[in-house]
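Here is my_file.cif, consisting of mmCIF, N, CA and C atoms:
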data_query
loop_
_atom_site.group_PDB
_atom_site.id
_atom_site.type_symbol
_atom_site.label_atom_id
_atom_site.label_comp_id
_atom_site.auth_asym_id
_atom_site.auth_seq_id
_atom_site.Cartn_x
_atom_site.Cartn_y
_atom_site.Cartn_z
ATOM 1 N N MET A 1 -17.863 19.576 18.341
ATOM 2 C CA MET A 1 -16.654 18.811 18.107
ATOM 3 C C MET A 1 -15.456 19.673 18.487
ATOM 4 N N GLN A 2 -14.596 19.173 19.347
ATOM 5 C CA GLN A 2 -13.491 19.953 19.878
ATOM 6 C C GLN A 2 -12.331 20.089 18.907
ATOM 7 N N GLY A 3 -12.151 19.191 18.032
ATOM 8 C CA GLY A 3 -11.025 19.250 17.107
ATOM 9 C C GLY A 3 -10.887 17.935 16.388
ATOM 10 N N ARG A 4 -10.269 17.994 15.288
ATOM 11 C CA ARG A 4 -10.099 16.788 14.486
ATOM 12 C C ARG A 4 -8.886 16.023 14.976
ATOM 13 N N ARG A 5 -9.086 14.788 15.270
ATOM 14 C CA ARG A 5 -7.992 13.916 15.682
ATOM 15 C C ARG A 5 -7.170 13.542 14.460
ATOM 16 N N GLU A 6 -5.858 13.532 14.591
ATOM 17 C CA GLU A 6 -4.994 13.170 13.462
ATOM 18 C C GLU A 6 -5.183 11.706 13.105
ATOM 19 N N ASP A 7 -5.260 11.436 11.825
ATOM 20 C CA ASP A 7 -5.432 10.074 11.332
ATOM 21 C C ASP A 7 -4.166 9.272 11.609
ATOM 22 N N PRO A 8 -4.264 8.157 12.343
ATOM 23 C CA PRO A 8 -3.072 7.371 12.652
ATOM 24 C C PRO A 8 -2.551 6.570 11.459
ATOM 25 N N CYS A 9 -3.306 6.510 10.377
ATOM 26 C CA CYS A 9 -2.911 5.735 9.199
ATOM 27 C C CYS A 9 -2.889 6.633 7.972
ATOM 28 N N PRO A 10 -1.823 7.409 7.775
ATOM 29 C CA PRO A 10 -1.807 8.340 6.647
ATOM 30 C C PRO A 10 -1.935 7.655 5.292
ATOM 31 N N TRP A 11 -1.439 6.427 5.152
ATOM 32 C CA TRP A 11 -1.571 5.738 3.871
ATOM 33 C C TRP A 11 -3.036 5.426 3.590
ATOM 34 N N TRP A 12 -3.793 5.092 4.633
ATOM 35 C CA TRP A 12 -5.206 4.797 4.425
ATOM 36 C C TRP A 12 -5.972 6.085 4.129
ATOM 37 N N GLN A 13 -5.578 7.183 4.756
ATOM 38 C CA GLN A 13 -6.195 8.482 4.455
ATOM 39 C C GLN A 13 -5.962 8.814 2.980
ATOM 40 N N ALA A 14 -4.754 8.616 2.497
ATOM 41 C CA ALA A 14 -4.463 8.876 1.084
ATOM 42 C C ALA A 14 -5.324 7.984 0.206
ATOM 43 N N ARG A 15 -5.516 6.757 0.610
ATOM 44 C CA ARG A 15 -6.335 5.811 -0.158
ATOM 45 C C ARG A 15 -7.779 6.294 -0.224
ATOM 46 N N ARG A 16 -8.295 6.758 0.901
ATOM 47 C CA ARG A 16 -9.674 7.241 0.943
ATOM 48 C C ARG A 16 -9.852 8.492 0.091
ATOM 49 N N GLU A 17 -8.785 9.254 -0.087
ATOM 50 C CA GLU A 17 -8.865 10.479 -0.880
ATOM 51 C C GLU A 17 -8.741 10.201 -2.375
ATOM 52 N N VAL A 18 -8.650 8.943 -2.743
ATOM 53 C CA VAL A 18 -8.599 8.527 -4.138
ATOM 54 C C VAL A 18 -7.450 9.215 -4.870
ATOM 55 N N VAL A 19 -6.275 9.075 -4.314
ATOM 56 C CA VAL A 19 -5.084 9.577 -4.982
ATOM 57 C C VAL A 19 -4.554 8.503 -5.923
ATOM 58 N N ASP A 20 -3.663 8.900 -6.787
ATOM 59 C CA ASP A 20 -3.037 7.968 -7.712
ATOM 60 C C ASP A 20 -2.398 6.821 -6.923
ATOM 61 N N PRO A 21 -2.562 5.572 -7.382
ATOM 62 C CA PRO A 21 -1.989 4.437 -6.648
ATOM 63 C C PRO A 21 -0.487 4.578 -6.388
ATOM 64 N N ARG A 22 0.258 5.167 -7.319
ATOM 65 C CA ARG A 22 1.696 5.348 -7.090
ATOM 66 C C ARG A 22 1.942 6.285 -5.907
ATOM 67 N N ASP A 23 1.185 7.377 -5.826
ATOM 68 C CA ASP A 23 1.342 8.302 -4.706
ATOM 69 C C ASP A 23 0.957 7.638 -3.395
ATOM 70 N N CYS A 24 -0.133 6.892 -3.418
ATOM 71 C CA CYS A 24 -0.545 6.156 -2.228
ATOM 72 C C CYS A 24 0.541 5.151 -1.837
ATOM 73 N N GLY A 25 1.110 4.486 -2.853
ATOM 74 C CA GLY A 25 2.168 3.506 -2.604
ATOM 75 C C GLY A 25 3.397 4.120 -1.971
ATOM 76 N N LEU A 26 3.749 5.317 -2.386
ATOM 77 C CA LEU A 26 4.906 5.990 -1.783
ATOM 78 C C LEU A 26 4.619 6.379 -0.337
ATOM 79 N N THR A 27 3.357 6.707 -0.048
ATOM 80 C CA THR A 27 2.977 6.987 1.341
ATOM 81 C C THR A 27 3.059 5.708 2.166
ATOM 82 N N ILE A 28 2.575 4.604 1.620
ATOM 83 C CA ILE A 28 2.690 3.315 2.310
ATOM 84 C C ILE A 28 4.161 3.004 2.578
ATOM 85 N N ALA A 29 5.015 3.230 1.593
ATOM 86 C CA ALA A 29 6.449 2.958 1.744
ATOM 87 C C ALA A 29 7.051 3.798 2.868
ATOM 88 N N ARG A 30 6.669 5.066 2.963
ATOM 89 C CA ARG A 30 7.201 5.919 4.039
ATOM 90 C C ARG A 30 6.772 5.406 5.414
ATOM 91 N N VAL A 31 5.508 4.983 5.524
ATOM 92 C CA VAL A 31 5.026 4.457 6.806
ATOM 93 C C VAL A 31 5.775 3.170 7.163
ATOM 94 N N VAL A 32 5.965 2.294 6.191
ATOM 95 C CA VAL A 32 6.687 1.036 6.431
ATOM 96 C C VAL A 32 8.135 1.321 6.818
ATOM 97 N N ALA A 33 8.765 2.259 6.133
ATOM 98 C CA ALA A 33 10.153 2.608 6.455
ATOM 99 C C ALA A 33 10.256 3.104 7.896
ATOM 100 N N LEU A 34 9.334 3.940 8.305
ATOM 101 C CA LEU A 34 9.337 4.423 9.690
ATOM 102 C C LEU A 34 9.091 3.284 10.669
ATOM 103 N N THR A 35 8.170 2.412 10.338
ATOM 104 C CA THR A 35 7.825 1.288 11.214
ATOM 105 C C THR A 35 9.017 0.378 11.462
ATOM 106 N N TYR A 36 9.797 0.121 10.400
ATOM 107 C CA TYR A 36 10.902 -0.826 10.510
ATOM 108 C C TYR A 36 12.266 -0.161 10.637
ATOM 109 N N GLY A 37 12.304 1.160 10.756
ATOM 110 C CA GLY A 37 13.568 1.859 10.919
ATOM 111 C C GLY A 37 14.461 1.781 9.692
ATOM 112 N N LYS A 38 13.851 1.779 8.535
ATOM 113 C CA LYS A 38 14.588 1.711 7.269
ATOM 114 C C LYS A 38 14.448 3.038 6.534
ATOM 115 N N SER A 39 15.196 3.180 5.468
ATOM 116 C CA SER A 39 15.126 4.384 4.652
ATOM 117 C C SER A 39 13.929 4.314 3.703
ATOM 118 N N ALA A 40 13.206 5.415 3.585
ATOM 119 C CA ALA A 40 12.096 5.480 2.635
ATOM 120 C C ALA A 40 12.612 5.459 1.202
ATOM 121 N N ASP A 41 13.919 5.659 1.024
ATOM 122 C CA ASP A 41 14.528 5.611 -0.310
ATOM 123 C C ASP A 41 14.907 4.196 -0.733
ATOM 124 N N ASP A 42 14.749 3.234 0.157
ATOM 125 C CA ASP A 42 15.061 1.844 -0.168
ATOM 126 C C ASP A 42 14.169 1.386 -1.315
ATOM 127 N N SER A 43 14.777 0.905 -2.388
ATOM 128 C CA SER A 43 13.996 0.540 -3.580
ATOM 129 C C SER A 43 13.006 -0.591 -3.311
ATOM 130 N N GLY A 44 13.374 -1.539 -2.472
ATOM 131 C CA GLY A 44 12.476 -2.644 -2.159
ATOM 132 C C GLY A 44 11.262 -2.197 -1.369
ATOM 133 N N ILE A 45 11.467 -1.261 -0.461
ATOM 134 C CA ILE A 45 10.351 -0.741 0.322
ATOM 135 C C ILE A 45 9.438 0.101 -0.563
ATOM 136 N N ARG A 46 10.032 0.882 -1.455
ATOM 137 C CA ARG A 46 9.211 1.649 -2.407
ATOM 138 C C ARG A 46 8.403 0.705 -3.303
ATOM 139 N N GLN A 47 9.068 -0.348 -3.783
ATOM 140 C CA GLN A 47 8.385 -1.323 -4.642
ATOM 141 C C GLN A 47 7.230 -1.972 -3.882
ATOM 142 N N PHE A 48 7.460 -2.305 -2.610
ATOM 143 C CA PHE A 48 6.403 -2.881 -1.785
ATOM 144 C C PHE A 48 5.190 -1.955 -1.739
ATOM 145 N N GLY A 49 5.430 -0.698 -1.385
ATOM 146 C CA GLY A 49 4.329 0.249 -1.241
ATOM 147 C C GLY A 49 3.540 0.433 -2.523
ATOM 148 N N ILE A 50 4.245 0.553 -3.634
ATOM 149 C CA ILE A 50 3.579 0.772 -4.918
ATOM 150 C C ILE A 50 2.786 -0.458 -5.348
ATOM 151 N N ALA A 51 3.361 -1.645 -5.170
ATOM 152 C CA ALA A 51 2.648 -2.874 -5.528
ATOM 153 C C ALA A 51 1.436 -3.081 -4.620
ATOM 154 N N ARG A 52 1.585 -2.777 -3.336
ATOM 155 C CA ARG A 52 0.478 -2.920 -2.379
ATOM 156 C C ARG A 52 -0.672 -1.989 -2.764
ATOM 157 N N ALA A 53 -0.340 -0.753 -3.080
ATOM 158 C CA ALA A 53 -1.365 0.204 -3.491
ATOM 159 C C ALA A 53 -1.995 -0.207 -4.823
ATOM 160 N N GLY A 54 -1.199 -0.767 -5.703
ATOM 161 C CA GLY A 54 -1.736 -1.249 -6.973
ATOM 162 C C GLY A 54 -2.746 -2.356 -6.773
ATOM 163 N N ALA A 55 -2.473 -3.241 -5.828
ATOM 164 C CA ALA A 55 -3.414 -4.320 -5.516
ATOM 165 C C ALA A 55 -4.715 -3.746 -4.963
ATOM 166 N N MET A 56 -4.602 -2.751 -4.089
ATOM 167 C CA MET A 56 -5.812 -2.124 -3.538
ATOM 168 C C MET A 56 -6.612 -1.445 -4.642
ATOM 169 N N ALA A 57 -5.922 -0.753 -5.539
ATOM 170 C CA ALA A 57 -6.600 -0.043 -6.627
ATOM 171 C C ALA A 57 -7.307 -1.021 -7.562
ATOM 172 N N LEU A 58 -6.644 -2.136 -7.860
ATOM 173 C CA LEU A 58 -7.257 -3.140 -8.715
ATOM 174 C C LEU A 58 -8.518 -3.695 -8.066
ATOM 175 N N ARG A 59 -8.429 -4.006 -6.799
ATOM 176 C CA ARG A 59 -9.601 -4.529 -6.075
ATOM 177 C C ARG A 59 -10.730 -3.512 -6.069
ATOM 178 N N ASP A 60 -10.405 -2.275 -5.746
ATOM 179 C CA ASP A 60 -11.430 -1.234 -5.685
ATOM 180 C C ASP A 60 -12.077 -0.983 -7.043
ATOM 181 N N SER A 61 -11.287 -1.046 -8.096
ATOM 182 C CA SER A 61 -11.816 -0.740 -9.427
ATOM 183 C C SER A 61 -12.795 -1.798 -9.919
ATOM 184 N N ARG A 62 -12.671 -3.014 -9.432
ATOM 185 C CA ARG A 62 -13.541 -4.094 -9.890
ATOM 186 C C ARG A 62 -14.848 -4.164 -9.103
ATOM 187 N N GLY A 63 -14.806 -3.755 -7.856
ATOM 188 C CA GLY A 63 -16.025 -3.759 -7.036
ATOM 189 C C GLY A 63 -16.695 -5.116 -7.020
ATOM 190 N N GLU A 64 -17.998 -5.105 -7.159
ATOM 191 C CA GLU A 64 -18.782 -6.336 -7.130
ATOM 192 C C GLU A 64 -18.555 -7.200 -8.368
ATOM 193 N N ALA A 65 -17.980 -6.626 -9.406
ATOM 194 C CA ALA A 65 -17.763 -7.364 -10.660
ATOM 195 C C ALA A 65 -16.417 -8.092 -10.684
ATOM 196 N N ILE A 66 -15.772 -8.215 -9.542
ATOM 197 C CA ILE A 66 -14.449 -8.847 -9.499
ATOM 198 C C ILE A 66 -14.551 -10.313 -9.934
ATOM 199 N N THR A 67 -13.538 -10.750 -10.657
ATOM 200 C CA THR A 67 -13.504 -12.124 -11.164
ATOM 201 C C THR A 67 -12.363 -12.895 -10.511
ATOM 202 N N GLU A 68 -12.366 -14.194 -10.730
ATOM 203 C CA GLU A 68 -11.265 -15.025 -10.233
ATOM 204 C C GLU A 68 -9.941 -14.588 -10.864
ATOM 205 N N THR A 69 -9.982 -14.187 -12.126
ATOM 206 C CA THR A 69 -8.769 -13.699 -12.793
ATOM 207 C C THR A 69 -8.259 -12.433 -12.123
ATOM 208 N N ASN A 70 -9.176 -11.520 -11.767
ATOM 209 C CA ASN A 70 -8.789 -10.309 -11.044
ATOM 210 C C ASN A 70 -8.152 -10.661 -9.705
ATOM 211 N N LEU A 71 -8.785 -11.598 -8.999
ATOM 212 C CA LEU A 71 -8.259 -11.994 -7.688
ATOM 213 C C LEU A 71 -6.874 -12.621 -7.813
ATOM 214 N N ALA A 72 -6.648 -13.376 -8.868
ATOM 215 C CA ALA A 72 -5.325 -13.962 -9.092
ATOM 216 C C ALA A 72 -4.299 -12.864 -9.349
ATOM 217 N N GLY A 73 -4.692 -11.841 -10.100
ATOM 218 C CA GLY A 73 -3.798 -10.712 -10.339
ATOM 219 C C GLY A 73 -3.458 -9.970 -9.059
ATOM 220 N N ILE A 74 -4.455 -9.792 -8.212
ATOM 221 C CA ILE A 74 -4.241 -9.137 -6.920
ATOM 222 C C ILE A 74 -3.307 -9.981 -6.064
ATOM 223 N N GLU A 75 -3.526 -11.279 -6.062
ATOM 224 C CA GLU A 75 -2.664 -12.182 -5.295
ATOM 225 C C GLU A 75 -1.221 -12.096 -5.782
ATOM 226 N N ASN A 76 -1.036 -12.012 -7.080
ATOM 227 C CA ASN A 76 0.317 -11.879 -7.635
ATOM 228 C C ASN A 76 0.967 -10.570 -7.218
ATOM 229 N N LEU A 77 0.203 -9.479 -7.286
ATOM 230 C CA LEU A 77 0.742 -8.180 -6.863
ATOM 231 C C LEU A 77 1.134 -8.202 -5.388
ATOM 232 N N LEU A 78 0.285 -8.795 -4.564
ATOM 233 C CA LEU A 78 0.594 -8.849 -3.133
ATOM 234 C C LEU A 78 1.803 -9.743 -2.858
ATOM 235 N N GLY A 79 1.909 -10.852 -3.572
ATOM 236 C CA GLY A 79 3.084 -11.717 -3.413
ATOM 237 C C GLY A 79 4.354 -10.973 -3.772
ATOM 238 N N GLU A 80 4.328 -10.267 -4.892
ATOM 239 C CA GLU A 80 5.474 -9.457 -5.313
ATOM 240 C C GLU A 80 5.803 -8.407 -4.252
ATOM 241 N N ALA A 81 4.767 -7.751 -3.737
ATOM 242 C CA ALA A 81 4.968 -6.698 -2.737
ATOM 243 C C ALA A 81 5.647 -7.247 -1.487
ATOM 244 N N TYR A 82 5.123 -8.326 -0.960
ATOM 245 C CA TYR A 82 5.664 -8.841 0.300
ATOM 246 C C TYR A 82 7.012 -9.523 0.131
ATOM 247 N N ARG A 83 7.296 -10.085 -1.032
ATOM 248 C CA ARG A 83 8.652 -10.612 -1.275
ATOM 249 C C ARG A 83 9.662 -9.466 -1.286
ATOM 250 N N SER A 84 9.284 -8.372 -1.900
ATOM 251 C CA SER A 84 10.148 -7.195 -1.954
ATOM 252 C C SER A 84 10.400 -6.649 -0.544
ATOM 253 N N LEU A 85 9.347 -6.554 0.248
ATOM 254 C CA LEU A 85 9.492 -6.063 1.608
ATOM 255 C C LEU A 85 10.376 -6.993 2.434
ATOM 256 N N LYS A 86 10.142 -8.280 2.317
ATOM 257 C CA LYS A 86 10.941 -9.251 3.078
ATOM 258 C C LYS A 86 12.418 -9.139 2.720
ATOM 259 N N ALA A 87 12.713 -9.005 1.440
ATOM 260 C CA ALA A 87 14.111 -8.869 1.011
ATOM 261 C C ALA A 87 14.738 -7.614 1.573
ATOM 262 N N SER A 88 14.008 -6.517 1.574
ATOM 263 C CA SER A 88 14.542 -5.263 2.111
ATOM 264 C C SER A 88 14.772 -5.333 3.611
ATOM 265 N N LEU A 89 13.851 -5.968 4.308
ATOM 266 C CA LEU A 89 13.985 -6.046 5.767
ATOM 267 C C LEU A 89 15.090 -6.994 6.199
ATOM 268 N N SER A 90 15.446 -7.919 5.345
ATOM 269 C CA SER A 90 16.497 -8.884 5.714
ATOM 270 C C SER A 90 17.897 -8.331 5.474
ATOM 271 N N ARG A 91 18.002 -7.171 4.841
ATOM 272 C CA ARG A 91 19.334 -6.565 4.617
ATOM 273 C C ARG A 91 19.773 -5.744 5.779
#
How does this structure look as structure tokens?
Amino acid sequence: MQGRREDPCPWWQARREVVDPRDCGLTIARVVALTYGKSADDSGIRQFGIARAGAMALRDSRGEAITETNLAGIENLLGEAYRSLKASLSR
């Protein structure tokens, strides 16, 4: 093997390393801020990243035992996340 290729998705790398969802969420927020040319300090973008990571953590924690109630909670977290992102991007 000649060398390790850099991971193009640092937020996913953080997720695979089983870091705290808040830390993963802040990494997601930084990637989104770079993608859209916004500040990583934007509260809406930070909220998006943290809520998105929270949804992933909830899904992962339930595994095969996930219930409809769990899925509804995940859907709510994702809705909150994307509403926050949309509001930030529209400013």
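Here atom CA of Gln47 of chain A is placed at a distance of 6.6 Å from atom CA of Ala81 of chain A.
Within 8 Å of segment 86-88 of chain A there are Lys38, Asp42, Ser43, Gly44, Ile45, Phe48 and Glu80 of chain A, counting only N, CA and C atoms and ignoring same-chain residues fewer than 6 positions away.
Closest approach to Arg22 of chain A from the set A:Arg59, A:Ala40, A:Ala53, A:Glu68 is made by A:Ala53, with distances taken over only N, CA and C atoms.
Reported to one decimal place, the separation of atom C of Gly79 of chain A from atom CA of Ala55 of chain A is 10.4 Å.
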For the structure provided, state which residues fall under the PyMOL selection byres (((chain A and resi 24 and name CA) around 8) and name CA), and present them as a compact mmCIF listing (two decimals) with N, CA and C atoms, keeping the file's coordinate frame.
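Wrote it out as selection-v5.txt, contents follow:
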# COMPACT_ATOMS: atom_id res chain seq x y z
N TRP A 11 -1.44 6.43 5.15
CA TRP A 11 -1.57 5.74 3.87
C TRP A 11 -3.04 5.43 3.59
N ALA A 14 -4.75 8.62 2.50
CA ALA A 14 -4.46 8.88 1.08
C ALA A 14 -5.32 7.98 0.21
N ARG A 15 -5.52 6.76 0.61
CA ARG A 15 -6.34 5.81 -0.16
C ARG A 15 -7.78 6.29 -0.22
N VAL A 19 -6.28 9.07 -4.31
CA VAL A 19 -5.08 9.58 -4.98
C VAL A 19 -4.55 8.50 -5.92
N ASP A 20 -3.66 8.90 -6.79
CA ASP A 20 -3.04 7.97 -7.71
C ASP A 20 -2.40 6.82 -6.92
N PRO A 21 -2.56 5.57 -7.38
CA PRO A 21 -1.99 4.44 -6.65
C PRO A 21 -0.49 4.58 -6.39
N ARG A 22 0.26 5.17 -7.32
CA ARG A 22 1.70 5.35 -7.09
C ARG A 22 1.94 6.28 -5.91
N ASP A 23 1.18 7.38 -5.83
CA ASP A 23 1.34 8.30 -4.71
C ASP A 23 0.96 7.64 -3.40
N GLY A 25 1.11 4.49 -2.85
CA GLY A 25 2.17 3.51 -2.60
C GLY A 25 3.40 4.12 -1.97
N LEU A 26 3.75 5.32 -2.39
CA LEU A 26 4.91 5.99 -1.78
C LEU A 26 4.62 6.38 -0.34
N THR A 27 3.36 6.71 -0.05
CA THR A 27 2.98 6.99 1.34
C THR A 27 3.06 5.71 2.17
N ILE A 28 2.58 4.60 1.62
CA ILE A 28 2.69 3.32 2.31
C ILE A 28 4.16 3.00 2.58
N GLY A 49 5.43 -0.70 -1.38
CA GLY A 49 4.33 0.25 -1.24
C GLY A 49 3.54 0.43 -2.52
N ILE A 50 4.24 0.55 -3.63
CA ILE A 50 3.58 0.77 -4.92
C ILE A 50 2.79 -0.46 -5.35
N ALA A 53 -0.34 -0.75 -3.08
CA ALA A 53 -1.36 0.20 -3.49
C ALA A 53 -2.00 -0.21 -4.82
Which of chain A end up as helix (DSSP H, G or I) when DSSP is run on this backbone - answer as a ChimeraX atom specification? /A:10-16,21-36,43-65,68-89
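Going from atom CA of Ala57 of chain A to atom C of Ala29 of chain A covers 17.1 Å.
Of the residues under consideration (A:Arg62, A:Leu89, A:Met56, A:Val32), A:Met56 shows the shortest atom-to-atom contact distance to Ile74 of chain A when counting only N, CA and C atoms.
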Could you put an axis-aligned box around every listed atom of segment 54-59 of chain A, padded by 3 Å on each side, and send me its centre and edge lengths in Å to one decimal, as lines of an AutoDock Vina configuration file?
center_x = -6.0
center_y = -2.3
center_z = -6.1
size_x = 15.5
size_y = 10.5
size_z = 11.2
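When only C-alpha atoms are used to compute distances to Arg83 of chain A, the closest of the residues A:Val18, A:Arg52, A:Gly63, A:Ala33 turns out to be A:Arg52.
Nearest-residue note for Leu58 of chain A: choosing from A:Asn70, A:Asn76, A:Ser90, A:Ser84, the minimum distance belongs to A:Asn70, counting all atoms listed in the file.
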